[in-house]
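Dumped target-v7.txt below, it's compact mmCIF, C-alpha atoms and all ligand atoms:
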```txt
# COMPACT_ATOMS: atom_id res chain seq x y z
CA MET M 1 -49.01 22.90 105.31
CA ARG M 2 -45.40 24.07 105.36
CA ARG M 3 -44.74 24.13 101.62
CA PRO M 4 -44.01 27.63 100.27
CA VAL M 5 -45.94 29.61 97.69
CA GLY M 6 -43.62 30.22 94.71
CA VAL M 7 -43.73 33.71 93.20
CA PHE M 8 -41.73 34.86 90.20
CA ASP M 9 -41.11 37.90 88.06
CA SER M 10 -38.55 39.09 85.54
CA GLY M 11 -36.89 41.17 88.28
CA VAL M 12 -37.91 43.59 91.01
CA GLY M 13 -41.39 44.46 89.69
CA GLY M 14 -43.10 41.40 91.16
CA LEU M 15 -42.20 42.72 94.59
CA THR M 16 -45.29 44.97 94.30
CA VAL M 17 -47.28 41.73 94.03
CA LEU M 18 -45.33 40.06 96.84
CA LYS M 19 -46.04 43.06 99.06
CA GLU M 20 -49.79 42.52 98.60
CA LEU M 21 -49.45 38.76 99.09
CA THR M 22 -47.64 39.15 102.43
CA ARG M 23 -50.21 41.73 103.55
CA THR M 24 -53.16 39.49 102.66
CA LEU M 25 -51.57 36.21 103.77
CA PRO M 26 -49.34 36.94 106.77
CA GLY M 27 -49.15 33.27 107.73
CA GLU M 28 -47.51 32.02 104.54
CA HIS M 29 -43.99 31.26 103.43
CA PHE M 30 -43.25 32.91 100.05
CA LEU M 31 -40.32 32.06 97.86
CA TYR M 32 -39.69 34.85 95.34
CA VAL M 33 -37.57 34.47 92.22
CA GLY M 34 -36.48 37.60 90.33
CA ASP M 35 -34.98 36.67 86.98
CA THR M 36 -32.68 39.70 87.07
CA ALA M 37 -30.17 38.19 84.65
CA ARG M 38 -32.75 38.16 81.85
CA VAL M 39 -34.96 41.18 82.62
CA PRO M 40 -36.83 42.75 80.81
CA TYR M 41 -39.45 40.30 79.61
CA GLY M 42 -41.64 43.08 78.22
CA THR M 43 -39.63 43.42 75.03
CA LYS M 44 -39.28 39.68 74.35
CA SER M 45 -41.20 37.13 72.32
CA ARG M 46 -43.81 34.69 73.60
CA GLU M 47 -41.46 31.79 72.94
CA THR M 48 -38.61 33.26 74.98
CA VAL M 49 -40.76 34.39 77.90
CA THR M 50 -42.46 30.98 78.00
CA ARG M 51 -39.09 29.21 78.06
CA TYR M 52 -37.83 31.42 80.91
CA SER M 53 -41.07 30.91 82.84
CA ILE M 54 -40.85 27.13 82.53
CA GLU M 55 -37.25 27.14 83.73
CA ILE M 56 -38.18 29.14 86.83
CA ALA M 57 -41.28 27.04 87.53
CA ASN M 58 -39.24 23.83 87.21
CA HIS M 59 -36.70 25.19 89.68
CA LEU M 60 -39.37 26.18 92.20
CA ILE M 61 -41.25 22.90 91.91
CA THR M 62 -38.36 20.42 91.81
CA ARG M 63 -36.04 22.16 94.30
CA HIS M 64 -38.51 23.79 96.65
CA ASP M 65 -41.72 21.77 96.40
CA ILE M 66 -43.95 24.85 96.16
CA LYS M 67 -47.69 24.30 96.67
CA MET M 68 -48.79 27.10 94.33
CA LEU M 69 -47.16 29.21 91.62
CA VAL M 70 -47.92 32.94 91.36
CA VAL M 71 -46.77 34.42 88.07
CA ALA M 72 -46.16 37.91 89.48
CA CYS M 73 -45.25 39.37 86.09
CA ASN M 74 -47.92 40.65 83.76
CA THR M 75 -45.84 39.90 80.68
CA ALA M 76 -45.23 36.27 81.70
CA SER M 77 -48.90 35.98 82.70
CA SER M 78 -49.99 37.30 79.32
CA LEU M 79 -47.64 35.12 77.29
CA ALA M 80 -46.97 31.92 79.21
CA LEU M 81 -49.87 31.17 81.54
CA PRO M 82 -51.78 28.67 79.38
CA VAL M 83 -48.61 26.61 78.86
CA LEU M 84 -47.69 26.69 82.55
CA ARG M 85 -51.20 25.58 83.51
CA LYS M 86 -50.96 22.69 81.07
CA ILE M 87 -47.59 21.48 82.40
CA TYR M 88 -48.00 21.71 86.18
CA LYS M 89 -50.45 20.06 88.55
CA ILE M 90 -50.20 22.72 91.27
CA PRO M 91 -52.46 25.80 91.02
CA VAL M 92 -50.95 28.55 88.84
CA VAL M 93 -52.21 32.11 89.41
CA GLY M 94 -51.53 34.89 86.90
CA MET M 95 -52.22 38.61 86.89
CA VAL M 96 -54.74 38.89 84.05
CA ASP M 97 -57.84 37.07 85.34
CA PRO M 98 -57.82 38.69 88.80
CA CYS M 99 -57.81 42.17 87.18
CA VAL M 100 -60.59 41.26 84.79
CA ARG M 101 -62.63 39.82 87.65
CA ARG M 102 -62.31 43.12 89.52
CA ALA M 103 -63.27 45.12 86.41
CA ALA M 104 -66.35 42.91 85.99
CA SER M 105 -67.40 43.59 89.59
CA LEU M 106 -67.48 47.37 89.17
CA PRO M 107 -70.84 49.16 88.99
CA LYS M 108 -69.59 51.17 85.95
CA ARG M 109 -67.59 49.07 83.51
CA ASP M 110 -68.45 50.12 79.98
CA ASN M 111 -65.01 51.47 79.13
CA ILE M 112 -61.86 49.77 80.34
CA GLY M 113 -58.28 50.93 79.76
CA VAL M 114 -55.33 48.56 79.93
CA ILE M 115 -51.70 49.66 80.18
CA GLY M 116 -48.74 47.30 80.14
CA THR M 117 -45.47 46.42 78.47
CA ALA M 118 -45.25 46.17 74.69
CA ALA M 119 -45.35 42.36 74.87
CA THR M 120 -48.39 42.33 77.17
CA VAL M 121 -50.37 44.70 74.94
CA ARG M 122 -49.27 42.91 71.77
CA SER M 123 -50.37 39.55 73.19
CA GLY M 124 -54.00 40.70 73.45
CA ALA M 125 -54.34 38.62 76.66
CA TYR M 126 -56.25 41.31 78.57
CA GLU M 127 -58.58 42.04 75.64
CA GLN M 128 -59.31 38.35 75.27
CA ALA M 129 -60.07 37.90 78.97
CA LEU M 130 -62.17 41.08 79.00
CA ARG M 131 -64.11 39.90 75.96
CA SER M 132 -65.22 36.79 77.80
CA GLY M 133 -65.62 38.38 81.28
CA LEU M 134 -67.13 41.67 80.14
CA PRO M 135 -68.31 41.20 76.55
CA ALA M 136 -70.10 44.57 76.35
CA SER M 137 -67.15 46.69 77.42
CA HIS M 138 -65.05 48.86 75.14
CA VAL M 139 -61.32 48.29 75.71
CA VAL M 140 -58.43 50.62 74.87
CA SER M 141 -54.91 49.26 75.48
CA THR M 142 -51.70 51.26 75.49
CA PRO M 143 -48.10 50.11 75.92
CA CYS M 144 -46.17 52.32 78.37
CA PRO M 145 -42.65 50.86 78.25
CA LEU M 146 -40.84 53.87 79.75
CA PHE M 147 -42.76 53.49 83.01
CA VAL M 148 -40.56 50.49 83.85
CA SER M 149 -37.32 52.52 83.72
CA LEU M 150 -38.87 55.45 85.58
CA ALA M 151 -40.02 53.19 88.42
CA GLU M 152 -36.66 51.40 88.64
CA GLU M 153 -34.90 54.76 88.73
CA GLY M 154 -37.10 55.74 91.66
CA TRP M 155 -38.50 58.65 89.65
CA VAL M 156 -42.01 58.26 90.92
CA GLU M 157 -43.20 61.88 90.90
CA THR M 158 -40.58 63.92 89.04
CA PRO M 159 -41.35 66.41 86.21
CA VAL M 160 -39.98 63.85 83.71
CA THR M 161 -42.34 61.20 85.08
CA ARG M 162 -45.29 63.58 84.89
CA ALA M 163 -44.40 64.41 81.27
CA VAL M 164 -44.15 60.72 80.28
CA VAL M 165 -47.41 59.92 82.08
CA ALA M 166 -49.11 62.81 80.24
CA GLU M 167 -47.78 61.60 76.88
CA TYR M 168 -48.82 57.95 77.27
CA LEU M 169 -52.10 58.50 79.07
CA ALA M 170 -53.43 61.45 77.04
CA PRO M 171 -56.13 59.30 75.36
CA TYR M 172 -57.45 58.27 78.79
CA ARG M 173 -57.71 61.88 79.94
CA SER M 174 -59.64 63.04 76.91
CA ASP M 175 -61.91 59.99 77.06
CA PRO M 176 -61.77 58.68 80.64
CA PRO M 177 -62.38 54.95 81.12
CA ASP M 178 -64.42 53.62 84.05
CA ALA M 179 -61.36 51.64 85.10
CA LEU M 180 -57.71 51.51 84.12
CA ILE M 181 -55.94 48.19 84.60
CA LEU M 182 -52.34 48.74 85.70
CA GLY M 183 -51.20 45.68 83.74
CA CYS M 184 -47.53 45.75 84.71
CA THR M 185 -45.80 45.10 88.02
CA HIS M 186 -44.03 48.47 87.99
CA TYR M 187 -47.02 50.72 87.51
CA PRO M 188 -48.37 50.72 91.10
CA VAL M 189 -45.14 52.54 92.03
CA LEU M 190 -46.26 55.38 89.73
CA LYS M 191 -49.86 55.41 90.98
CA ASN M 192 -49.69 58.96 92.39
CA SER M 193 -48.46 60.40 89.10
CA ILE M 194 -51.08 58.44 87.16
CA ARG M 195 -53.83 59.51 89.55
CA GLY M 196 -52.57 63.09 89.46
CA PHE M 197 -52.91 63.17 85.68
CA LEU M 198 -56.18 61.26 85.30
CA GLY M 199 -57.95 62.69 88.36
CA GLU M 200 -60.31 60.71 90.59
CA GLY M 201 -62.53 59.37 87.79
CA PRO M 202 -61.16 55.99 86.72
CA VAL M 203 -60.78 53.14 89.19
CA LEU M 204 -57.12 52.06 89.08
CA ILE M 205 -56.92 48.26 89.16
CA ASP M 206 -53.72 46.96 90.75
CA SER M 207 -52.82 43.42 89.69
CA GLY M 208 -50.99 42.63 92.96
CA GLU M 209 -53.97 43.51 95.12
CA GLU M 210 -56.36 41.53 92.95
CA ALA M 211 -54.07 38.50 92.64
CA ALA M 212 -53.58 38.39 96.42
CA ARG M 213 -57.34 38.08 96.89
CA VAL M 214 -57.47 35.18 94.41
CA VAL M 215 -54.49 33.40 96.01
CA ASP M 216 -56.17 33.72 99.42
CA VAL M 217 -59.38 32.12 98.15
CA LEU M 218 -57.57 29.31 96.30
CA LEU M 219 -55.38 28.42 99.29
CA SER M 220 -58.44 28.30 101.57
CA GLU M 221 -60.55 26.29 99.14
CA GLY M 222 -57.71 23.85 98.50
CA GLY M 223 -56.98 23.36 102.22
CA LEU M 224 -53.47 24.66 101.49
CA LYS M 225 -53.38 27.64 103.82
CA ARG M 226 -50.63 27.94 106.39
CA GLU M 227 -51.34 29.81 109.59
CA GLY M 228 -47.85 30.92 110.60
CA SER M 229 -47.24 33.81 112.96
CA GLY M 230 -45.84 36.20 110.34
CA PRO M 231 -44.91 36.02 106.67
CA GLU M 232 -41.70 34.22 105.92
CA VAL M 233 -40.10 35.43 102.69
CA SER M 234 -37.06 34.08 100.84
CA PHE M 235 -35.56 35.89 97.86
CA LEU M 236 -33.74 34.26 94.97
CA VAL M 237 -32.29 36.11 91.98
CA THR M 238 -30.41 35.09 88.85
CA ASP M 239 -28.00 38.07 88.94
CA ASP M 240 -26.41 40.50 91.42
CA PRO M 241 -28.25 40.30 94.81
CA ASP M 242 -27.09 43.78 95.92
CA HIS M 243 -28.59 45.55 92.93
CA PHE M 244 -31.88 43.69 93.48
CA ARG M 245 -31.96 44.70 97.14
CA GLY M 246 -31.15 48.34 96.35
CA VAL M 247 -33.81 48.84 93.69
CA GLY M 248 -36.30 46.38 95.16
CA GLU M 249 -37.07 48.10 98.44
CA LEU M 250 -39.09 50.84 96.71
CA PHE M 251 -41.25 48.12 95.13
CA TYR M 252 -41.52 45.95 98.22
CA GLY M 253 -42.07 48.86 100.60
CA ALA M 254 -39.99 47.19 103.28
CA GLU M 255 -36.48 46.04 103.93
CA ILE M 256 -35.33 43.07 101.87
CA GLY M 257 -33.17 40.74 103.91
CA ALA M 258 -30.94 38.01 102.55
CA VAL M 259 -31.00 37.51 98.78
CA LYS M 260 -29.46 34.40 97.26
CA LYS M 261 -28.18 34.08 93.72
CA VAL M 262 -29.25 30.88 91.96
CA SER M 263 -28.67 29.35 88.55
CA LEU M 264 -31.76 27.83 87.05
N1 LIG B 1 -42.53 42.52 85.21
C1 LIG B 1 -42.85 43.01 83.90
C2 LIG B 1 -44.37 43.05 83.73
O1 LIG B 1 -45.12 43.08 84.69
C3 LIG B 1 -42.25 44.38 83.66
C4 LIG B 1 -40.74 44.37 83.51
C5 LIG B 1 -40.25 43.57 82.29
O2 LIG B 1 -40.45 44.02 81.16
O3 LIG B 1 -39.70 42.50 82.51
O4 LIG B 1 -44.85 43.07 82.64
```
Have the structure of the file written as structure tokens, please.
Ligand code: DGL
Amino acid sequence: MRRPVGVFDSGVGGLTVLKELTRTLPGEHFLYVGDTARVPYGTKSRETVTRYSIEIANHLITRHDIKMLVVACNTASSLALPVLRKIYKIPVVGMVDPCVRRAASLPKRDNIGVIGTAATVRSGAYEQALRSGLPASHVVSTPCPLFVSLAEEGWVETPVTRAVVAEYLAPYRSDPPDALILGCTHYPVLKNSIRGFLGEGPVLIDSGEEAARVVDVLLSEGGLKREGSGPEVSFLVTDDPDHFRGVGELFYGAEIGAVKKVSL
């Protein structure tokens, strides 16, 4: 099965998801689209993010014949997933359900925290999924929009980062949840600062790690898995490739090779 797995995000953030995908599925070919011309999605409306997501999915399906679509952006997953699933016949994997599944598998799961962009929190997508997966749990959601800029600036453990983490996450320190869902692609980059502030108590749920597990299972079950000798990764962006490469390596944790600019 030589068809690639399509992965998209508003920009560099989804590279934290891609990193987990390549680690879990080293035999696959991944085609990543970063919509860098239109980032951020986290401040935009459902209608706009859904339109952008459809444009990217159409490009990946019609031009590249992808076998599966991974929506590696929590905002797009929260706002556009039901529409994408309705339109396309290939499997579409988002970030929300894999995180909820992990929360539901924990021995202690009475109190769950969710952090994400303003649009993700406003959408209520995590609360809705948690209500059906974990009906007895108490959920507290908090938008943490400044985390995106801090991560893109590479300020992962600076005094400013620690101060912003302390400000946003204060409610979770005074009343620690059993698990905190890192419901945004950028937040795994700030994991040390988050862990440093919250201590060892809450389980930090990383959407990339959880989504990679789900993609693995779905590819196997669907007979879609490719057993190549190493991951093959192609990068497409909608704006300046050099900027993407420069900022992206912190998120990807490895060198990013050729990046091609495309118009959708
Ligand atoms: N990728 C987005 C997310 O995971 C964060 C960046 C943005 O706002 O576009 O929600």
For stretch 98-129 of chain M versus stretch 183-187 of chain M, which residues have an atom no more than 8 Å away, and what is each residue's nearest atom pair and distance in Å rounded to one decimal, using all atoms listed in the file, chain-then-number order, as JSON lines?
```
{"residue": "M:Val114", "atom": "CA", "partner": "M:Gly183", "partner_atom": "CA", "distance": 6.3}
{"residue": "M:Ile115", "atom": "CA", "partner": "M:Gly183", "partner_atom": "CA", "distance": 5.4}
{"residue": "M:Gly116", "atom": "CA", "partner": "M:Gly183", "partner_atom": "CA", "distance": 4.7}
{"residue": "M:Thr117", "atom": "CA", "partner": "M:Cys184", "partner_atom": "CA", "distance": 6.6}
{"residue": "M:Thr120", "atom": "CA", "partner": "M:Gly183", "partner_atom": "CA", "distance": 7.9}
```
Atoms to include: C-alpha atoms. Write the selected residues as a PDB file, in the frame of the given file.
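Final output, again20.pdb:
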```pdb
ATOM      1  CA  VAL M 114     -55.330  48.560  79.930  1.00  0.00           C
ATOM      2  CA  ILE M 115     -51.700  49.660  80.180  1.00  0.00           C
ATOM      3  CA  GLY M 116     -48.740  47.300  80.140  1.00  0.00           C
ATOM      4  CA  THR M 117     -45.470  46.420  78.470  1.00  0.00           C
ATOM      5  CA  THR M 120     -48.390  42.330  77.170  1.00  0.00           C
TER       6      THR M 120
END
```
Here is a test: counting only C-alpha atoms and all ligand atoms, which residue of M:Val100, M:Leu146, M:Leu31, M:Leu224 is nearest to ligand LIG 1 (chain B)?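 Nearest to ligand LIG 1 (chain B): M:Leu146.
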One decimal, in Å: what's the spacing between atom CA of M:Ala136 and atom CA of M:Asn111?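 Distance between the two atoms: 9.0 Å.
Closest approach to ligand LIG 1 (chain B) among M:Leu130, M:Ile112, M:Ile87, M:Leu150: M:Leu150, based on only C-alpha atoms and all ligand atoms.
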Residue among M:Glu200, M:Glu152, M:Asp175, M:Glu167 lying closest to ligand LIG 1 (chain B), counting all atoms listed in the file: M:Glu152
Using all atoms listed in the file, which residues have at least one atom no more than 8 Å from ligand LIG 1 (chain B)? Output them as a list in words.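 Counting only what the definition allows, namely all atoms listed in the file, the set is Asp9, Ser10, Gly11, Val12, Gly13, Gly14, Val39, Pro40, Tyr41, Gly42, Thr43, Ala72, Cys73, Asn74, Thr75, Ala76, Gly116, Thr117, Ala119, Thr120, Pro145, Val148, Gly183, Cys184, Thr185 and His186 of chain M.
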Measuring atom to atom with all atoms listed in the file, identify which of M:Asp216, M:Asp65, M:Glu227, M:Glu255 is nearest to M:Gly27.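 For M:Gly27, the nearest of the candidates is M:Glu227.
Between atom CA of M:Ala212 and atom CA of M:Val33 the separation is 17.0 Å.
For M:Ala258, the residues within 9 Å (counting only C-alpha atoms, excluding itself and residues fewer than 2 positions away along the chain) are Ser234, Phe235, Leu236, Pro241, Arg245, Ile256 and Lys260 of chain M.
Going from atom CA of M:Pro202 to atom CA of M:Ala118 covers 22.2 Å.
Minimum distance to M:Arg38 across M:Val165, M:Val156, M:Val237, M:Val17 (counting only C-alpha atoms) occurs at M:Val237.
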With a distance cut-off of 10 Å and all atoms listed in the file, select the neighbouring residues of M:Ala166, excluding the residue or stretch itself and same-chain residues fewer than 6 positions from it, and output the selection as a PyMOL selection string. chain M and resi 160+172-173+193-194+196-198
